[in-house]
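Remarks on the structure that follows.
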Amino acid sequence: MTLTVENQPDQSRYALLADGELIGVAEYDLRDDAIVFTHTEIDEEKRERGMASDLVQAALDDVRDNSSRRVVASCPYVRRWLQDHPDYQALQRR
């Protein structure tokens with residue numbers, strides 16, 4: 001299975017695709033100078049250990065590399081992920 005993550009700005013989400021099939025999303029809202037992650041979900045039937053983490057990391061890498069926006073984690077999963085990965089916490093203070 002090949003996993004890819006793509007930003008789908010027209011739907012305000014990062015999509016996790018398995019062999020081209022949508023299996024997860026990290027939804028966001030853009031507000032002023034921030035990207036607010038509001039919800040993260042992986043299809044219950046497709047879940048494998050680490051998929052949500054891979055999705056969030058890819059989304060945050062994209063924000064870091066292609067934006068000057070700061071990250072606001074209103075999604076509990078993204079908030080917890082950031083707490084567990086201190087090397088990404090600076091994204092919240094941009």
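We label chains A, B, ... in the order they appear in the structure tokens, count residues from 1 in each chain, and number ligands from 1 in the order shown.
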Problem - All strand (DSSP E) residues (DSSP, backbone) inside chain A, as a PyMOL selection string - result: chain A and resi 3-8+13-18+21-31+34-42+70-73
Output the selection as a compact mmCIF listing (two decimals), in the first residue's frame - N, CA, C and O atoms for each residue.
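This went into selection_26.txt:
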```txt
# COMPACT_ATOMS: atom_id res chain seq x y z
N LEU A 3 1.06 5.18 0.66
CA LEU A 3 0.38 6.29 1.32
C LEU A 3 0.94 7.61 0.81
O LEU A 3 2.16 7.76 0.69
N THR A 4 0.05 8.54 0.53
CA THR A 4 0.45 9.90 0.17
C THR A 4 -0.44 10.88 0.91
O THR A 4 -1.57 10.57 1.27
N VAL A 5 0.10 12.07 1.12
CA VAL A 5 -0.65 13.15 1.75
C VAL A 5 -0.64 14.32 0.79
O VAL A 5 0.42 14.69 0.26
N GLU A 6 -1.81 14.89 0.57
CA GLU A 6 -1.88 16.07 -0.29
C GLU A 6 -2.76 17.13 0.34
O GLU A 6 -3.75 16.83 0.99
N ASN A 7 -2.33 18.37 0.14
CA ASN A 7 -3.13 19.49 0.59
C ASN A 7 -4.24 19.70 -0.43
O ASN A 7 -3.99 19.76 -1.63
N GLN A 8 -5.46 19.79 0.06
CA GLN A 8 -6.61 20.06 -0.80
C GLN A 8 -7.26 21.35 -0.31
O GLN A 8 -8.27 21.33 0.41
N ARG A 13 -8.44 20.94 3.72
CA ARG A 13 -7.97 19.73 4.39
C ARG A 13 -6.70 19.19 3.75
O ARG A 13 -6.40 19.48 2.60
N TYR A 14 -6.01 18.43 4.56
CA TYR A 14 -4.95 17.56 4.06
C TYR A 14 -5.57 16.18 3.98
O TYR A 14 -6.23 15.74 4.92
N ALA A 15 -5.36 15.51 2.86
CA ALA A 15 -5.97 14.20 2.64
C ALA A 15 -4.89 13.13 2.68
O ALA A 15 -3.81 13.29 2.09
N LEU A 16 -5.18 12.04 3.37
CA LEU A 16 -4.32 10.86 3.39
C LEU A 16 -4.93 9.87 2.41
O LEU A 16 -6.10 9.48 2.53
N LEU A 17 -4.13 9.49 1.42
CA LEU A 17 -4.59 8.59 0.37
C LEU A 17 -3.79 7.29 0.43
O LEU A 17 -2.56 7.32 0.58
N ALA A 18 -4.48 6.17 0.33
CA ALA A 18 -3.85 4.85 0.24
C ALA A 18 -4.12 4.33 -1.16
O ALA A 18 -5.27 4.06 -1.52
N GLU A 21 -6.93 6.12 -2.77
CA GLU A 21 -8.23 6.14 -2.08
C GLU A 21 -8.15 6.98 -0.82
O GLU A 21 -7.24 6.80 0.00
N LEU A 22 -9.09 7.90 -0.64
CA LEU A 22 -9.13 8.75 0.55
C LEU A 22 -9.41 7.90 1.78
O LEU A 22 -10.44 7.21 1.85
N ILE A 23 -8.49 7.94 2.75
CA ILE A 23 -8.71 7.18 3.98
C ILE A 23 -8.59 8.04 5.24
O ILE A 23 -8.83 7.54 6.34
N GLY A 24 -8.21 9.30 5.09
CA GLY A 24 -8.11 10.15 6.26
C GLY A 24 -8.00 11.61 5.88
O GLY A 24 -7.64 11.95 4.75
N VAL A 25 -8.31 12.47 6.86
CA VAL A 25 -8.23 13.91 6.64
C VAL A 25 -7.74 14.61 7.89
O VAL A 25 -7.97 14.16 9.01
N ALA A 26 -7.06 15.70 7.68
CA ALA A 26 -6.74 16.68 8.72
C ALA A 26 -7.35 17.98 8.23
O ALA A 26 -6.82 18.61 7.30
N GLU A 27 -8.47 18.36 8.80
CA GLU A 27 -9.20 19.54 8.35
C GLU A 27 -8.66 20.79 9.02
O GLU A 27 -8.19 20.74 10.16
N TYR A 28 -8.76 21.91 8.30
CA TYR A 28 -8.24 23.17 8.84
C TYR A 28 -9.06 24.35 8.37
O TYR A 28 -9.80 24.27 7.39
N ASP A 29 -8.91 25.45 9.09
CA ASP A 29 -9.45 26.75 8.70
C ASP A 29 -8.27 27.72 8.62
O ASP A 29 -7.38 27.67 9.47
N LEU A 30 -8.30 28.59 7.64
CA LEU A 30 -7.29 29.65 7.55
C LEU A 30 -7.86 30.90 8.18
O LEU A 30 -8.97 31.33 7.82
N ARG A 31 -7.12 31.47 9.13
CA ARG A 31 -7.56 32.68 9.82
C ARG A 31 -6.37 33.63 9.94
O ARG A 31 -5.39 33.30 10.60
N ALA A 34 -2.86 32.46 10.63
CA ALA A 34 -2.83 31.12 11.24
C ALA A 34 -3.55 30.08 10.39
O ALA A 34 -4.47 30.40 9.64
N ILE A 35 -3.10 28.86 10.56
CA ILE A 35 -3.83 27.70 10.06
C ILE A 35 -4.30 26.94 11.30
O ILE A 35 -3.48 26.57 12.15
N VAL A 36 -5.59 26.80 11.42
CA VAL A 36 -6.19 26.20 12.61
C VAL A 36 -6.64 24.78 12.25
O VAL A 36 -7.56 24.59 11.45
N PHE A 37 -5.96 23.79 12.81
CA PHE A 37 -6.34 22.40 12.58
C PHE A 37 -7.52 22.08 13.50
O PHE A 37 -7.43 22.20 14.71
N THR A 38 -8.64 21.69 12.88
CA THR A 38 -9.89 21.53 13.61
C THR A 38 -10.30 20.08 13.84
O THR A 38 -11.04 19.79 14.79
N HIS A 39 -9.86 19.18 12.98
CA HIS A 39 -10.33 17.79 13.09
C HIS A 39 -9.39 16.88 12.30
O HIS A 39 -8.98 17.22 11.19
N THR A 40 -9.08 15.74 12.89
CA THR A 40 -8.29 14.71 12.22
C THR A 40 -9.03 13.39 12.34
O THR A 40 -9.51 13.05 13.42
N GLU A 41 -9.11 12.68 11.22
CA GLU A 41 -9.84 11.40 11.24
C GLU A 41 -9.25 10.44 10.21
O GLU A 41 -8.91 10.84 9.10
N ILE A 42 -9.15 9.18 10.61
CA ILE A 42 -8.74 8.11 9.71
C ILE A 42 -9.92 7.14 9.61
O ILE A 42 -10.54 6.80 10.62
N ARG A 70 1.25 30.52 11.37
CA ARG A 70 1.46 29.77 12.62
C ARG A 70 0.37 28.72 12.73
O ARG A 70 -0.70 28.85 12.15
N VAL A 71 0.67 27.68 13.47
CA VAL A 71 -0.26 26.57 13.64
C VAL A 71 -1.03 26.74 14.94
O VAL A 71 -0.43 27.00 16.00
N VAL A 72 -2.35 26.59 14.86
CA VAL A 72 -3.21 26.56 16.04
C VAL A 72 -3.86 25.17 16.04
O VAL A 72 -4.47 24.77 15.05
N ALA A 73 -3.70 24.47 17.14
CA ALA A 73 -4.21 23.10 17.22
C ALA A 73 -5.48 23.06 18.06
O ALA A 73 -5.43 22.85 19.27
```
Handout entry: Those in chain A with helix (DSSP H, G or I) from DSSP, as a VMD selection string
Key = chain A and resid 9 to 11 44 to 46 51 to 66 76 to 84 86 to 93
Dump N, CA and C atoms for the selected residues as a compact mmCIF listing (two decimals), in the first residue's frame?
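Written file, again13.txt:
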```txt
# COMPACT_ATOMS: atom_id res chain seq x y z
N PRO A 9 -6.65 22.51 -0.66
CA PRO A 9 -7.11 23.79 -0.11
C PRO A 9 -8.55 24.13 -0.46
N ASP A 10 -9.05 23.66 -1.59
CA ASP A 10 -10.45 23.93 -1.94
C ASP A 10 -11.42 23.25 -0.99
N GLN A 11 -10.94 22.22 -0.26
CA GLN A 11 -11.76 21.53 0.73
C GLN A 11 -11.24 21.76 2.16
N GLU A 44 -12.10 4.22 9.87
CA GLU A 44 -12.01 3.17 10.89
C GLU A 44 -11.62 1.82 10.29
N GLU A 45 -12.10 1.51 9.11
CA GLU A 45 -11.81 0.22 8.48
C GLU A 45 -10.40 0.16 7.89
N LYS A 46 -9.76 1.31 7.72
CA LYS A 46 -8.44 1.35 7.10
C LYS A 46 -7.32 1.67 8.07
N MET A 51 -0.91 5.89 11.08
CA MET A 51 -1.40 6.64 9.92
C MET A 51 -1.77 8.08 10.26
N ALA A 52 -2.46 8.29 11.38
CA ALA A 52 -2.83 9.65 11.77
C ALA A 52 -1.59 10.48 12.03
N SER A 53 -0.60 9.89 12.67
CA SER A 53 0.66 10.59 12.93
C SER A 53 1.35 10.97 11.62
N ASP A 54 1.39 10.05 10.66
CA ASP A 54 1.99 10.35 9.36
C ASP A 54 1.26 11.50 8.67
N LEU A 55 -0.06 11.49 8.76
CA LEU A 55 -0.87 12.55 8.14
C LEU A 55 -0.55 13.90 8.78
N VAL A 56 -0.55 13.96 10.09
CA VAL A 56 -0.30 15.22 10.79
C VAL A 56 1.12 15.72 10.53
N GLN A 57 2.09 14.82 10.57
CA GLN A 57 3.46 15.24 10.32
C GLN A 57 3.62 15.80 8.91
N ALA A 58 3.04 15.14 7.92
CA ALA A 58 3.13 15.63 6.55
C ALA A 58 2.44 16.99 6.40
N ALA A 59 1.30 17.16 7.05
CA ALA A 59 0.60 18.45 6.99
C ALA A 59 1.44 19.55 7.62
N LEU A 60 2.01 19.28 8.78
CA LEU A 60 2.83 20.29 9.46
C LEU A 60 4.12 20.57 8.70
N ASP A 61 4.69 19.55 8.08
CA ASP A 61 5.87 19.78 7.24
C ASP A 61 5.53 20.70 6.08
N ASP A 62 4.36 20.50 5.49
CA ASP A 62 3.94 21.36 4.38
C ASP A 62 3.73 22.80 4.85
N VAL A 63 3.11 22.96 6.01
CA VAL A 63 2.91 24.32 6.55
C VAL A 63 4.28 24.97 6.79
N ARG A 64 5.20 24.24 7.40
CA ARG A 64 6.52 24.79 7.70
C ARG A 64 7.27 25.16 6.43
N ASP A 65 7.19 24.31 5.40
CA ASP A 65 7.99 24.51 4.19
C ASP A 65 7.37 25.47 3.18
N ASN A 66 6.05 25.64 3.23
CA ASN A 66 5.38 26.39 2.16
C ASN A 66 4.48 27.52 2.65
N PRO A 76 -7.84 17.96 19.17
CA PRO A 76 -7.11 17.31 20.27
C PRO A 76 -5.97 16.41 19.80
N TYR A 77 -6.16 15.74 18.66
CA TYR A 77 -5.08 14.86 18.19
C TYR A 77 -3.86 15.68 17.78
N VAL A 78 -4.07 16.75 17.03
CA VAL A 78 -2.94 17.60 16.60
C VAL A 78 -2.28 18.24 17.82
N ARG A 79 -3.07 18.67 18.79
CA ARG A 79 -2.51 19.26 20.01
C ARG A 79 -1.61 18.26 20.73
N ARG A 80 -2.09 17.03 20.88
CA ARG A 80 -1.30 15.99 21.55
C ARG A 80 -0.05 15.65 20.74
N TRP A 81 -0.20 15.60 19.41
CA TRP A 81 0.93 15.28 18.54
C TRP A 81 2.02 16.35 18.71
N LEU A 82 1.63 17.60 18.74
CA LEU A 82 2.61 18.68 18.93
C LEU A 82 3.29 18.59 20.29
N GLN A 83 2.56 18.23 21.32
CA GLN A 83 3.17 18.06 22.65
C GLN A 83 4.22 16.95 22.64
N ASP A 84 3.97 15.91 21.85
CA ASP A 84 4.88 14.77 21.78
C ASP A 84 6.06 14.99 20.84
N PRO A 86 8.42 18.02 20.23
CA PRO A 86 8.85 19.39 20.53
C PRO A 86 9.54 20.10 19.37
N ASP A 87 10.11 19.36 18.44
CA ASP A 87 10.77 19.99 17.30
C ASP A 87 9.77 20.67 16.35
N TYR A 88 8.48 20.46 16.54
CA TYR A 88 7.45 21.11 15.73
C TYR A 88 6.73 22.23 16.47
N GLN A 89 6.98 22.37 17.75
CA GLN A 89 6.25 23.34 18.55
C GLN A 89 6.49 24.80 18.14
N ALA A 90 7.62 25.07 17.53
CA ALA A 90 7.90 26.44 17.08
C ALA A 90 6.88 26.91 16.02
N LEU A 91 6.23 25.97 15.35
CA LEU A 91 5.21 26.36 14.37
C LEU A 91 4.05 27.11 15.03
N GLN A 92 3.87 26.92 16.31
CA GLN A 92 2.78 27.59 17.03
C GLN A 92 3.14 29.03 17.42
N ARG A 93 4.42 29.39 17.28
CA ARG A 93 4.87 30.71 17.71
C ARG A 93 5.38 31.57 16.57
```
Problem - Which of A:Arg69, A:Glu48, A:His85, A:Asp32 sits closest to Met1 of chain A [using only C-alpha atoms] - result: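 The closest residue to Met1 of chain A is A:Glu48.
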